[in-house]
file protein-v6.cif (mmCIF, C-alpha atoms)
data_model
#
loop_
_atom_site.label_atom_id
_atom_site.label_comp_id
_atom_site.auth_asym_id
_atom_site.auth_seq_id
_atom_site.Cartn_x
_atom_site.Cartn_y
_atom_site.Cartn_z
CA MET A 1 0.00 0.00 0.00
CA ASP A 2 1.58 3.29 -1.12
CA GLU A 3 0.96 6.75 0.36
CA ASN A 4 -1.90 7.63 -2.03
CA GLN A 5 -3.69 4.36 -1.32
CA ALA A 6 -3.21 4.93 2.39
CA ASN A 7 -4.75 8.39 2.19
CA LEU A 8 -7.77 6.97 0.36
CA GLN A 9 -8.17 4.31 3.02
CA ILE A 10 -7.96 6.94 5.78
CA GLN A 11 -10.65 8.96 4.02
CA LYS A 12 -12.87 5.86 3.85
CA LEU A 13 -12.16 5.16 7.50
CA PHE A 14 -13.48 8.59 8.50
CA GLU A 15 -16.53 8.18 6.25
CA PHE A 16 -17.40 4.83 7.80
CA HIS A 17 -16.93 6.36 11.24
CA GLN A 18 -19.39 9.13 10.37
CA GLN A 19 -21.88 6.52 9.16
CA GLY A 20 -21.47 4.45 12.33
CA ASP A 21 -20.19 1.50 10.31
CA PHE A 22 -17.64 0.32 12.87
CA ALA A 23 -17.11 -3.11 11.33
CA ASN A 24 -15.60 -1.43 8.26
CA VAL A 25 -13.71 1.10 10.42
CA LEU A 26 -12.06 -1.85 12.15
CA LYS A 27 -11.33 -3.61 8.87
CA ILE A 28 -9.55 -0.59 7.40
CA ALA A 29 -7.72 0.19 10.66
CA LEU A 30 -6.28 -3.33 10.78
CA GLN A 31 -5.19 -3.07 7.14
CA LEU A 32 -3.40 0.20 7.90
CA GLN A 33 -1.69 -1.38 10.91
CA LYS A 34 -0.39 -4.18 8.71
CA HIS A 35 1.22 -1.80 6.24
CA PHE A 36 2.11 1.00 8.69
CA PRO A 37 2.78 -0.63 12.08
CA LYS A 38 3.84 2.67 13.68
CA PHE A 39 0.81 4.68 12.53
CA ALA A 40 -0.92 5.68 15.79
CA LEU A 41 -4.23 6.63 14.14
CA ALA A 42 -4.70 3.04 12.90
CA TYR A 43 -4.63 1.74 16.48
CA LYS A 44 -6.77 4.59 17.78
CA ALA A 45 -9.42 3.94 15.12
CA ALA A 46 -9.34 0.21 15.83
CA GLY A 47 -9.85 0.96 19.52
CA VAL A 48 -12.83 3.21 18.80
CA ALA A 49 -14.38 0.59 16.53
CA LEU A 50 -13.85 -2.29 18.96
CA ASN A 51 -15.38 -0.24 21.77
CA ALA A 52 -18.44 0.49 19.62
CA LEU A 53 -18.68 -3.22 18.82
CA ASN A 54 -18.62 -3.97 22.57
CA ARG A 55 -15.23 -5.69 22.38
CA LYS A 56 -13.86 -3.52 25.13
CA ALA A 57 -10.92 -5.61 26.33
CA GLU A 58 -9.54 -5.63 22.76
CA ALA A 59 -10.27 -1.91 22.48
CA VAL A 60 -8.08 -1.22 25.52
CA LEU A 61 -5.14 -3.07 23.95
CA GLN A 62 -5.46 -1.05 20.74
CA MET A 63 -5.73 2.25 22.61
CA LYS A 64 -2.65 1.41 24.68
CA LYS A 65 -0.67 0.83 21.48
CA ALA A 66 -1.91 4.15 20.11
CA VAL A 67 -0.85 5.94 23.32
CA LYS A 68 2.58 4.34 23.17
CA LEU A 69 3.04 5.57 19.59
CA ASP A 70 1.62 9.04 20.28
CA PRO A 71 1.74 9.78 24.03
CA ASN A 72 0.66 13.41 23.53
CA ASP A 73 -2.73 12.60 22.01
CA ASP A 74 -5.11 13.60 24.81
CA GLU A 75 -8.12 12.28 22.88
CA THR A 76 -6.68 8.75 22.77
CA LEU A 77 -5.88 8.95 26.49
CA SER A 78 -9.44 10.10 27.14
CA ASN A 79 -10.83 7.19 25.11
CA LEU A 80 -8.59 4.74 26.94
CA GLY A 81 -9.69 6.19 30.28
CA GLN A 82 -13.37 6.00 29.33
CA ILE A 83 -13.19 2.34 28.31
CA SER A 84 -11.15 1.58 31.43
CA VAL A 85 -13.93 3.10 33.55
CA GLU A 86 -16.54 1.00 31.74
CA ILE A 87 -14.73 -2.30 32.31
CA ALA A 88 -13.32 -1.58 35.78
CA LYS A 89 -14.16 -4.26 38.35
CA ASN A 90 -12.75 -2.83 41.57
CA PRO A 91 -11.46 0.42 43.14
CA LEU A 92 -7.91 -0.29 41.97
CA GLU A 93 -9.04 -0.44 38.33
CA PHE A 94 -11.20 2.68 38.71
CA ASN A 95 -8.20 4.49 40.17
CA ASN A 96 -6.10 3.34 37.22
CA ALA A 97 -8.72 4.76 34.83
CA LYS A 98 -8.77 7.98 36.86
CA ASN A 99 -4.98 8.36 36.49
CA ILE A 100 -5.17 7.84 32.71
CA LEU A 101 -7.81 10.59 32.46
CA LYS A 102 -5.78 12.94 34.63
CA GLU A 103 -2.87 12.38 32.25
CA ALA A 104 -5.15 13.32 29.33
CA LEU A 105 -6.08 16.53 31.13
CA GLN A 106 -2.42 17.36 31.72
CA LYS A 107 -2.02 17.30 27.94
CA ASN A 108 -5.18 19.35 27.41
CA PRO A 109 -6.96 20.85 30.47
CA LYS A 110 -9.91 21.85 28.25
CA ASN A 111 -10.68 18.33 27.04
CA PHE A 112 -14.29 18.30 28.22
CA VAL A 113 -14.78 14.66 27.25
CA ALA A 114 -11.90 13.65 29.53
CA LEU A 115 -13.36 15.83 32.30
CA ASN A 116 -16.68 14.04 31.95
CA ASN A 117 -15.04 10.62 31.92
CA LEU A 118 -13.09 11.56 35.05
CA ALA A 119 -16.37 12.56 36.70
CA ALA A 120 -17.71 9.09 35.89
CA ALA A 121 -14.60 7.48 37.41
CA TYR A 122 -15.01 9.44 40.66
CA SER A 123 -18.74 8.64 40.70
CA ASN A 124 -18.00 4.92 40.49
CA LEU A 125 -15.54 5.30 43.35
CA GLY A 126 -18.26 6.91 45.45
CA ASP A 127 -16.47 10.28 45.54
CA PHE A 128 -19.47 12.38 44.50
CA VAL A 129 -17.88 15.68 45.53
CA ASN A 130 -15.07 15.37 42.97
CA ALA A 131 -17.40 13.70 40.47
CA LYS A 132 -19.68 16.75 40.57
CA ILE A 133 -16.74 19.16 40.24
CA TYR A 134 -15.39 17.50 37.10
CA ALA A 135 -18.82 17.09 35.47
CA GLU A 136 -19.58 20.77 36.10
CA ASN A 137 -16.16 21.74 34.70
CA ALA A 138 -16.94 19.79 31.54
CA ILE A 139 -20.23 21.70 31.22
CA LYS A 140 -18.50 25.05 31.78
CA ILE A 141 -16.24 24.35 28.79
CA ALA A 142 -18.97 22.76 26.65
CA PRO A 143 -22.42 23.86 27.91
CA ASN A 144 -24.19 21.89 25.16
CA TYR A 145 -22.36 18.62 25.84
CA GLY A 146 -25.38 16.49 26.69
CA ILE A 147 -23.44 13.49 28.00
CA ALA A 148 -21.87 15.62 30.75
CA HIS A 149 -25.35 16.73 31.81
CA HIS A 150 -26.30 13.04 31.87
CA THR A 151 -23.29 12.24 34.08
CA LEU A 152 -24.20 15.09 36.43
CA ALA A 153 -27.81 13.87 36.54
CA VAL A 154 -26.63 10.40 37.60
CA ILE A 155 -24.48 11.96 40.33
CA PHE A 156 -27.46 13.95 41.63
CA ALA A 157 -29.62 10.80 41.56
CA LYS A 158 -27.01 8.85 43.51
CA THR A 159 -26.95 11.62 46.12
CA HIS A 160 -30.78 11.71 46.27
CA GLN A 161 -31.16 15.15 44.67
CA MET A 162 -33.88 14.05 42.30
CA LEU A 163 -35.13 17.45 41.11
CA LYS A 164 -31.61 18.33 39.95
CA ALA A 165 -31.29 14.87 38.41
CA VAL A 166 -34.45 15.54 36.39
CA GLU A 167 -33.22 19.00 35.39
CA HIS A 168 -29.91 17.75 34.00
CA SER A 169 -31.43 14.68 32.38
CA LYS A 170 -33.78 17.01 30.55
CA LEU A 171 -30.81 19.12 29.37
CA ALA A 172 -29.03 15.93 28.29
CA THR A 173 -31.98 14.92 26.08
CA GLU A 174 -32.18 18.43 24.60
CA PHE A 175 -28.49 18.62 23.72
CA SER A 176 -28.03 14.92 22.83
CA PRO A 177 -31.46 13.66 21.69
CA GLU A 178 -29.98 10.44 20.27
CA PHE A 179 -28.31 9.47 23.56
CA VAL A 180 -30.71 6.80 24.81
CA PRO A 181 -29.50 6.52 28.47
CA ALA A 182 -30.45 10.17 29.03
CA TRP A 183 -34.05 9.52 27.91
CA VAL A 184 -34.32 6.33 29.98
CA ASN A 185 -33.06 8.14 33.08
CA LEU A 186 -35.32 11.14 32.48
CA ILE A 187 -38.35 8.83 32.31
CA GLN A 188 -37.26 7.02 35.48
CA TYR A 189 -36.28 10.13 37.45
CA THR A 190 -39.57 11.82 36.54
CA LEU A 191 -41.40 8.75 37.80
CA ASP A 192 -39.25 8.80 40.97
CA ILE A 193 -40.52 12.28 41.84
CA GLY A 194 -44.09 11.04 41.50
CA GLU A 195 -44.96 12.36 38.04
CA ALA A 196 -45.91 9.19 36.17
CA GLU A 197 -48.13 11.01 33.66
CA LYS A 198 -45.32 13.41 32.81
CA ALA A 199 -42.95 10.44 32.46
CA ALA A 200 -45.36 8.89 29.94
CA GLU A 201 -45.31 12.13 27.91
CA ILE A 202 -41.50 12.09 27.94
CA ALA A 203 -41.52 8.48 26.71
CA ASP A 204 -43.79 9.50 23.84
CA ILE A 205 -41.40 12.33 22.91
CA ALA A 206 -38.39 9.99 23.15
CA GLN A 207 -39.98 7.50 20.75
CA LYS A 208 -40.55 10.26 18.20
CA VAL A 209 -36.79 10.81 17.89
CA LYS A 210 -35.98 8.89 14.71
CA SER A 211 -32.99 7.00 16.11
CA ASN A 212 -34.92 6.05 19.25
CA ALA A 213 -38.11 4.75 17.64
CA ASN A 214 -36.94 1.14 17.72
CA ASN A 215 -34.98 1.24 20.96
CA PHE A 216 -35.76 -1.53 23.44
CA GLU A 217 -34.81 0.44 26.56
CA ILE A 218 -37.18 3.30 25.79
CA HIS A 219 -40.05 0.94 24.96
CA ALA A 220 -39.38 -0.94 28.20
CA ALA A 221 -39.17 2.29 30.23
CA ARG A 222 -42.54 3.33 28.84
CA MET A 223 -44.12 -0.01 29.72
CA ARG A 224 -42.58 0.02 33.22
CA ASN A 225 -43.89 3.53 33.84
CA ASP A 226 -47.45 2.55 32.82
CA ASN A 227 -47.72 0.41 35.94
CA TYR A 228 -47.56 3.54 38.10
CA ARG A 229 -50.05 5.73 36.24
CA GLN A 230 -53.37 6.37 37.94
CA ASN A 231 -55.38 6.82 34.74
CA VAL A 232 -54.25 3.64 33.00
CA THR A 233 -56.65 0.70 32.82
CA ALA A 234 -55.71 -2.97 32.63
CA GLU A 235 -56.93 -2.94 29.01
CA MET A 236 -54.57 -0.06 28.15
CA ILE A 237 -51.63 -1.89 29.74
CA ALA A 238 -52.57 -5.06 27.82
CA GLU A 239 -52.62 -3.07 24.58
CA ASN A 240 -49.19 -1.59 25.33
CA ILE A 241 -47.86 -5.09 26.02
CA LYS A 242 -49.10 -6.23 22.60
CA LYS A 243 -47.35 -3.25 20.98
CA PHE A 244 -44.18 -4.08 22.92
CA GLN A 245 -44.29 -7.70 21.77
CA GLN A 246 -44.79 -6.64 18.17
CA PHE A 247 -41.90 -4.21 18.52
CA LEU A 248 -39.62 -7.04 19.61
CA VAL A 249 -40.70 -9.30 16.74
CA GLU A 250 -40.14 -6.49 14.24
CA LYS A 251 -36.75 -5.64 15.74
CA PHE A 252 -35.51 -9.19 15.33
CA ARG A 253 -36.89 -9.31 11.80
CA ARG A 254 -35.10 -6.06 10.88
CA ASN A 255 -31.86 -7.54 12.17
CA GLY A 256 -32.32 -10.58 9.96
CA SER A 257 -32.82 -12.76 13.01
CA LYS A 258 -35.64 -14.35 14.95
CA MET A 259 -36.59 -15.23 18.48
CA GLN A 260 -35.69 -18.69 19.75
CA ILE A 261 -32.51 -19.14 17.72
CA PHE A 262 -31.29 -22.12 19.74
CA ASN A 263 -31.91 -25.79 19.04
CA PHE A 264 -32.98 -27.84 22.06
CA GLU A 265 -32.83 -31.23 20.39
CA LYS A 266 -29.54 -31.94 22.17
CA TYR A 267 -31.30 -31.53 25.52
CA LYS A 268 -32.99 -34.88 24.89
CA LYS A 269 -29.55 -36.50 24.96
CA ILE A 270 -28.29 -34.84 28.13
CA ASN A 271 -26.98 -37.48 30.52
CA ASP A 272 -26.53 -35.08 33.44
CA LYS A 273 -28.37 -36.47 36.44
CA ASN A 274 -28.83 -32.99 37.88
CA LEU A 275 -31.47 -30.46 36.89
CA LYS A 276 -29.73 -27.23 35.90
CA ILE A 277 -31.51 -24.03 36.89
CA GLY A 278 -30.22 -20.57 36.03
CA PHE A 279 -31.00 -17.22 37.65
CA VAL A 280 -30.45 -13.93 35.80
CA SER A 281 -30.45 -10.77 37.90
CA GLY A 282 -28.84 -7.38 38.33
CA ASP A 283 -29.49 -7.58 42.08
CA LEU A 284 -27.25 -10.37 43.38
CA ARG A 285 -25.93 -7.99 46.04
CA ASP A 286 -27.34 -6.10 49.05
CA HIS A 287 -30.88 -6.09 47.69
CA ALA A 288 -34.27 -7.54 48.65
CA VAL A 289 -34.12 -10.09 45.80
CA ALA A 290 -30.72 -11.39 46.92
CA LYS A 291 -31.81 -11.63 50.55
CA PHE A 292 -34.87 -13.61 49.51
CA LEU A 293 -32.60 -16.05 47.65
CA LEU A 294 -30.33 -16.38 50.68
CA ASN A 295 -33.27 -17.84 52.55
CA LEU A 296 -34.18 -20.17 49.69
CA PHE A 297 -30.89 -21.58 48.39
CA PRO A 298 -29.75 -23.36 51.58
CA GLN A 299 -32.68 -25.72 51.05
CA PHE A 300 -31.03 -27.04 47.87
CA HIS A 301 -27.89 -27.84 49.83
CA SER A 302 -29.58 -29.25 52.93
CA ARG A 303 -30.65 -32.35 51.02
CA GLU A 304 -28.22 -35.20 50.63
CA ASN A 305 -27.30 -35.97 47.02
CA SER A 306 -29.24 -32.98 45.72
CA GLN A 307 -30.18 -33.36 42.08
CA ILE A 308 -30.40 -29.62 41.49
CA GLU A 309 -27.53 -27.43 40.26
CA ILE A 310 -28.05 -23.68 40.29
CA PHE A 311 -26.20 -21.19 38.11
CA ALA A 312 -25.97 -17.41 38.54
CA TYR A 313 -25.80 -14.85 35.74
CA ALA A 314 -25.13 -11.55 37.51
CA ASN A 315 -25.74 -8.38 35.54
CA CYS A 316 -24.26 -5.78 37.87
CA PRO A 317 -20.75 -4.31 37.56
CA PRO A 318 -18.30 -6.51 39.47
CA SER A 319 -17.37 -3.43 41.50
CA GLN A 320 -20.90 -3.46 42.99
CA GLU A 321 -20.66 -6.99 44.30
CA ASP A 322 -20.58 -7.03 48.11
CA GLU A 323 -20.81 -9.25 51.20
CA VAL A 324 -24.26 -10.47 50.19
CA SER A 325 -22.83 -11.47 46.80
CA LYS A 326 -20.10 -13.46 48.56
CA LYS A 327 -22.67 -15.30 50.69
CA LEU A 328 -24.71 -16.18 47.59
CA LYS A 329 -21.77 -17.41 45.53
CA LYS A 330 -21.20 -20.51 47.65
CA TYR A 331 -24.60 -21.88 46.63
CA PHE A 332 -24.00 -21.71 42.87
CA ALA A 333 -22.37 -24.42 40.78
CA LYS A 334 -21.25 -21.56 38.52
CA TYR A 335 -21.37 -17.82 39.14
CA ARG A 336 -20.92 -15.78 35.97
CA ASN A 337 -20.84 -12.01 35.74
CA ILE A 338 -22.46 -11.06 32.42
CA HIS A 339 -22.40 -7.28 32.85
CA ALA A 340 -19.87 -6.69 30.05
CA LEU A 341 -21.34 -9.30 27.69
CA SER A 342 -23.82 -8.70 24.88
CA ASP A 343 -27.23 -10.37 24.91
CA LEU A 344 -26.15 -12.86 22.26
CA GLU A 345 -22.89 -13.69 24.08
CA THR A 346 -24.82 -14.22 27.31
CA ALA A 347 -27.45 -16.38 25.61
CA LYS A 348 -24.75 -18.57 24.06
CA ILE A 349 -23.09 -19.10 27.46
CA ILE A 350 -26.40 -20.04 29.09
CA HIS A 351 -27.18 -22.46 26.28
CA LYS A 352 -23.68 -23.95 26.51
CA ASP A 353 -24.23 -24.44 30.26
CA LYS A 354 -27.26 -26.57 29.28
CA ILE A 355 -29.59 -24.65 31.57
CA GLN A 356 -33.00 -26.33 31.51
CA ILE A 357 -34.98 -23.76 33.49
CA LEU A 358 -34.00 -20.08 33.39
CA PHE A 359 -35.44 -17.53 35.82
CA ASP A 360 -35.61 -13.79 35.24
CA LEU A 361 -35.41 -11.94 38.57
CA SER A 362 -35.48 -8.37 37.24
CA GLY A 363 -38.41 -7.82 34.91
CA HIS A 364 -38.39 -4.19 33.84
CA THR A 365 -36.25 -2.99 36.74
CA ASP A 366 -32.70 -1.67 36.49
CA LYS A 367 -30.00 -3.91 34.97
CA ASN A 368 -32.45 -6.35 33.38
CA ARG A 369 -31.51 -8.59 30.43
CA LEU A 370 -34.94 -9.08 28.90
CA GLU A 371 -33.65 -8.79 25.34
CA MET A 372 -31.45 -11.78 26.09
CA PHE A 373 -34.53 -13.74 27.21
CA ALA A 374 -36.09 -12.91 23.84
CA LEU A 375 -33.36 -15.10 22.28
CA LYS A 376 -34.75 -18.07 24.28
CA PRO A 377 -31.46 -19.66 25.45
CA ALA A 378 -33.26 -22.15 27.71
CA PRO A 379 -36.20 -24.44 26.91
CA ILE A 380 -38.20 -23.18 29.92
CA GLN A 381 -38.08 -19.51 30.92
CA ILE A 382 -39.85 -18.12 33.97
CA SER A 383 -40.48 -14.61 35.23
CA TRP A 384 -40.32 -14.49 39.02
CA ILE A 385 -39.45 -12.11 41.86
CA GLY A 386 -38.11 -8.65 41.10
CA TRP A 387 -41.01 -7.48 38.95
CA LEU A 388 -44.61 -8.19 39.90
CA GLY A 389 -46.09 -8.01 36.43
CA THR A 390 -45.74 -9.28 32.91
CA THR A 391 -42.49 -8.60 31.08
CA GLY A 392 -44.24 -8.62 27.71
CA ILE A 393 -41.49 -10.90 26.35
CA PRO A 394 -43.13 -13.47 24.01
CA THR A 395 -40.52 -16.14 24.81
CA MET A 396 -41.21 -16.08 28.56
CA ASP A 397 -43.10 -19.31 29.29
CA TYR A 398 -44.36 -18.84 32.83
CA PHE A 399 -44.95 -16.27 35.54
CA LEU A 400 -44.38 -17.67 39.03
CA ALA A 401 -46.65 -16.00 41.58
CA ASP A 402 -48.92 -16.48 44.55
CA GLU A 403 -52.36 -15.03 45.34
CA PHE A 404 -50.76 -11.78 46.47
CA CYS A 405 -48.94 -11.20 43.17
CA VAL A 406 -51.84 -12.38 41.01
CA PRO A 407 -55.13 -12.27 42.96
CA PHE A 408 -57.57 -15.10 42.25
CA GLY A 409 -59.77 -14.30 39.28
CA GLU A 410 -57.19 -12.16 37.48
CA LYS A 411 -55.60 -13.35 34.26
CA TYR A 412 -51.89 -13.13 33.56
#

call {"tool": "encode", "arguments": {"input": "protein-v6.cif", "output": "structure tokens"}}
result
Amino acid sequence: MDENQANLQIQKLFEFHQQGDFANVLKIALQLQKHFPKFALAYKAAGVALNALNRKAEAVLQMKKAVKLDPNDDETLSNLGQISVEIAKNPLEFNNAKNILKEALQKNPKNFVALNNLAAAYSNLGDFVNAKIYAENAIKIAPNYGIAHHTLAVIFAKTHQMLKAVEHSKLATEFSPEFVPAWVNLIQYTLDIGEAEKAAEIADIAQKVKSNANNFEIHAARMRNDNYRQNVTAEMIAENIKKFQQFLVEKFRRNGSKMQIFNFEKYKKINDKNLKIGFVSGDLRDHAVAKFLLNLFPQFHSRENSQIEIFAYANCPPSQEDEVSKKLKKYFAKYRNIHALSDLETAKIIHKDKIQILFDLSGHTDKNRLEMFALKPAPIQISWIGWLGTTGIPTMDYFLADEFCVPFGEKY
């Protein structure tokens, strides 16, 4: 590849980046690396693409190579710091990410993206004073940077300042209307201050943004919010569930896929004497759901020669695991943290584990993996504690409840 060809490839790389075609960005970046192994931009672009493709561990390696080749590029340092925050599992790793971002700011004190990423690092460390300072500094430099308003909103929510959380989430959606987490948080925070009808209006507005129309999280936030509205009838909720189900079917069709992509024929040949049961939850920590399980799971182990094996699929950041998590872990044959995995990756692992009955313990609450359940990785899927209502997921087979959750005479 000569210099002219390289320049054409770089131009294509930027075009694909603008289009959001990160698979082709990665392809070109790797070609450039092969011909120009000391070209920092090739590694930086590969890191950006891998991050967008949710291959974060690989993205870190590429960004580190880019930093080594061009240590003065504050943008690459900021990207490396951001990804490091996202994959950090403990305070040591969050501190490492924090140091990378501080290095980026030494190169360029006005790098508002690095300031925002540093705010996120401090927030994850529980240092909300410094987190707020850095988020506000990012906003001072770039008042219209919606993601910094989103970060500040999260900080206010964590410190129980919900009116300010709503205010900055609203600004985040105004400045970055295609940034889905800001809309989801605005809906939730508005509900948290007791304005369910207003939250429904916000969900309607969010769905009118072209890029958000087919977003699962916004649809789910709308359906979750409907359960708290005073003027919504059971018939209206049922109609919204039908729309939600149709949305999921259409989404899979658009992606050239379908629900229930796994073949369960091999389950007929399983020779395992134990029944394998899986539990998916974002709350396997100091939470009511986890404490309920702590009272239940010892019963599996109190029986001699128990024929039940239980598997955990935890969807919270490893840094949030605590003493309750440690107590739970001893009851599981396998404990897997799926927080950094895609829905398809998670579904493949569950299927490979030969789980026969899979429980969802989150429903439409925070850190749920309902889209993964739509892939039907287990032959029997059950919605249980964590959400006392239908998930609206067509591939959910059962809803486990008592007369308090589903009063006699009501239909599920």

call {"tool": "residues_around", "arguments": {"input": "protein-v6.cif", "residues": "Leu361 (chain A)", "least_positions_apart": "2", "cutoff": "10 Å", "atoms": "only C-alpha atoms", "output": "PyMOL selection string"}}
result
chain A and resi 279-284+289-290+358-359+363-365+368-369+382-387

call {"tool": "write_last_selection", "arguments": {"input": "protein-v6.cif", "atoms": "C-alpha atoms", "output": "compact mmCIF listing (two decimals), in the coordinates of the input"}}
result
# COMPACT_ATOMS: atom_id res chain seq x y z
CA PHE A 279 -31.00 -17.22 37.65
CA VAL A 280 -30.45 -13.93 35.80
CA SER A 281 -30.45 -10.77 37.90
CA GLY A 282 -28.84 -7.38 38.33
CA ASP A 283 -29.49 -7.58 42.08
CA LEU A 284 -27.25 -10.37 43.38
CA VAL A 289 -34.12 -10.09 45.80
CA ALA A 290 -30.72 -11.39 46.92
CA LEU A 358 -34.00 -20.08 33.39
CA PHE A 359 -35.44 -17.53 35.82
CA GLY A 363 -38.41 -7.82 34.91
CA HIS A 364 -38.39 -4.19 33.84
CA THR A 365 -36.25 -2.99 36.74
CA ASN A 368 -32.45 -6.35 33.38
CA ARG A 369 -31.51 -8.59 30.43
CA ILE A 382 -39.85 -18.12 33.97
CA SER A 383 -40.48 -14.61 35.23
CA TRP A 384 -40.32 -14.49 39.02
CA ILE A 385 -39.45 -12.11 41.86
CA GLY A 386 -38.11 -8.65 41.10
CA TRP A 387 -41.01 -7.48 38.95

call {"tool": "closest_residue", "arguments": {"input": "protein-v6.cif", "among": "A:Lys291, A:His339, A:Lys352, A:Arg224", "to": "Lys276 (chain A)", "atoms": "all atoms listed in the file"}}
result
A:Lys352

call {"tool": "resolve_selection", "arguments": {"input": "protein-v6.cif", "expression": "the PyMOL selection byres ((chain A and resi 102) around 10)", "output": "PDB file with C-alpha atoms, in the coordinates of the input"}}
result
ATOM      1  CA  ASP A  74      -5.110  13.600  24.810  1.00  0.00           C
ATOM      2  CA  LEU A  77      -5.880   8.950  26.490  1.00  0.00           C
ATOM      3  CA  SER A  78      -9.440  10.100  27.140  1.00  0.00           C
ATOM      4  CA  GLY A  81      -9.690   6.190  30.280  1.00  0.00           C
ATOM      5  CA  ASN A  96      -6.100   3.340  37.220  1.00  0.00           C
ATOM      6  CA  ALA A  97      -8.720   4.760  34.830  1.00  0.00           C
ATOM      7  CA  LYS A  98      -8.770   7.980  36.860  1.00  0.00           C
ATOM      8  CA  ASN A  99      -4.980   8.360  36.490  1.00  0.00           C
ATOM      9  CA  ILE A 100      -5.170   7.840  32.710  1.00  0.00           C
ATOM     10  CA  LEU A 101      -7.810  10.590  32.460  1.00  0.00           C
ATOM     11  CA  GLU A 103      -2.870  12.380  32.250  1.00  0.00           C
ATOM     12  CA  ALA A 104      -5.150  13.320  29.330  1.00  0.00           C
ATOM     13  CA  LEU A 105      -6.080  16.530  31.130  1.00  0.00           C
ATOM     14  CA  GLN A 106      -2.420  17.360  31.720  1.00  0.00           C
ATOM     15  CA  LYS A 107      -2.020  17.300  27.940  1.00  0.00           C
ATOM     16  CA  ASN A 108      -5.180  19.350  27.410  1.00  0.00           C
ATOM     17  CA  PRO A 109      -6.960  20.850  30.470  1.00  0.00           C
ATOM     18  CA  ALA A 114     -11.900  13.650  29.530  1.00  0.00           C
ATOM     19  CA  LEU A 115     -13.360  15.830  32.300  1.00  0.00           C
ATOM     20  CA  ASN A 117     -15.040  10.620  31.920  1.00  0.00           C
ATOM     21  CA  LEU A 118     -13.090  11.560  35.050  1.00  0.00           C
TER      22      LEU A 118
END

call {"tool": "atom_distance", "arguments": {"input": "protein-v6.cif", "atom1": "CA of Gln245 (chain A)", "atom2": "CA of Thr391 (chain A)"}}
result
9.5 Å

call {"tool": "residues_near_point", "arguments": {"input": "protein-v6.cif", "point": "(-31.1, 11.1, 24.0)", "cutoff": "8 Å", "atoms": "all atoms listed in the file", "output": "list of chain:residue names"}}
result
A:Ala172, A:Thr173, A:Glu174, A:Phe175, A:Ser176, A:Pro177, A:Glu178, A:Phe179, A:Val180, A:Pro181, A:Ala182, A:Trp183, A:Ala206, A:Asn212

call {"tool": "resolve_selection", "arguments": {"input": "protein-v6.cif", "expression": "the PyMOL selection byres ((chain A and resi 189) around 10)", "output": "JSON, numbers by chain"}}
result
{"A": [153, 154, 157, 162, 163, 164, 165, 166, 167, 169, 183, 184, 185, 186, 187, 188, 190, 191, 192, 193, 194, 195, 196, 199]}

call {"tool": "atom_distance", "arguments": {"input": "protein-v6.cif", "atom1": "CA of Phe216 (chain A)", "atom2": "CA of Ala234 (chain A)"}}
result
22.0 Å

call {"tool": "residues_around", "arguments": {"input": "protein-v6.cif", "residues": "Ala138 (chain A)", "least_positions_apart": "6", "cutoff": "9 Å", "atoms": "only C-alpha atoms", "output": "ChimeraX atom specification"}}
result
/A:110-116,119,145,148-149

call {"tool": "write_last_selection", "arguments": {"input": "protein-v6.cif", "atoms": "C-alpha atoms", "output": "tab-separated table (two decimals), in the coordinates of the input"}}
result
chain	number	residue	atom	x	y	z
A	110	LYS	CA	-9.91	21.85	28.25
A	111	ASN	CA	-10.68	18.33	27.04
A	112	PHE	CA	-14.29	18.30	28.22
A	113	VAL	CA	-14.78	14.66	27.25
A	114	ALA	CA	-11.90	13.65	29.53
A	115	LEU	CA	-13.36	15.83	32.30
A	116	ASN	CA	-16.68	14.04	31.95
A	119	ALA	CA	-16.37	12.56	36.70
A	145	TYR	CA	-22.36	18.62	25.84
A	148	ALA	CA	-21.87	15.62	30.75
A	149	HIS	CA	-25.35	16.73	31.81

call {"tool": "atom_distance", "arguments": {"input": "protein-v6.cif", "atom1": "CA of Leu275 (chain A)", "atom2": "CA of Ile308 (chain A)"}}
result
4.8 Å

call {"tool": "residues_near_point", "arguments": {"input": "protein-v6.cif", "point": "(0.2, 4.6, 21.9)", "cutoff": "10 Å", "atoms": "all atoms listed in the file", "output": "list of chain:residue names"}}
result
A:Lys38, A:Phe39, A:Ala40, A:Leu41, A:Tyr43, A:Lys44, A:Leu61, A:Gln62, A:Met63, A:Lys64, A:Lys65, A:Ala66, A:Val67, A:Lys68, A:Leu69, A:Asp70, A:Pro71, A:Asn72, A:Asp73, A:Thr76, A:Leu77

call {"tool": "resolve_selection", "arguments": {"input": "protein-v6.cif", "expression": "the PyMOL selection byres ((chain A and resi 26) around 8)", "output": "list in words"}}
result
Phe22, Ala23, Asn24, Val25, Lys27, Ile28, Ala29, Leu30, Ala45, Ala46, Ala49 and Leu50 of chain A

call {"tool": "closest_residue", "arguments": {"input": "protein-v6.cif", "among": "A:Gln307, A:Gly47, A:His150, A:Glu201", "to": "Lys170 (chain A)", "atoms": "only C-alpha atoms"}}
result
A:His150

call {"tool": "closest_residue", "arguments": {"input": "protein-v6.cif", "among": "A:Gly126, A:Lys334, A:Ile357, A:Leu80", "to": "Ala57 (chain A)", "atoms": "all atoms listed in the file"}}
result
A:Leu80

call {"tool": "residues_around", "arguments": {"input": "protein-v6.cif", "residues": "Asn215 (chain A)", "least_positions_apart": "2", "cutoff": "12 Å", "atoms": "only C-alpha atoms", "output": "JSON, numbers by chain"}}
result
{"A": [178, 179, 180, 181, 183, 184, 203, 206, 207, 208, 209, 210, 211, 212, 213, 217, 218, 219, 220, 221, 222, 244, 247, 248, 250, 251, 252, 371]}
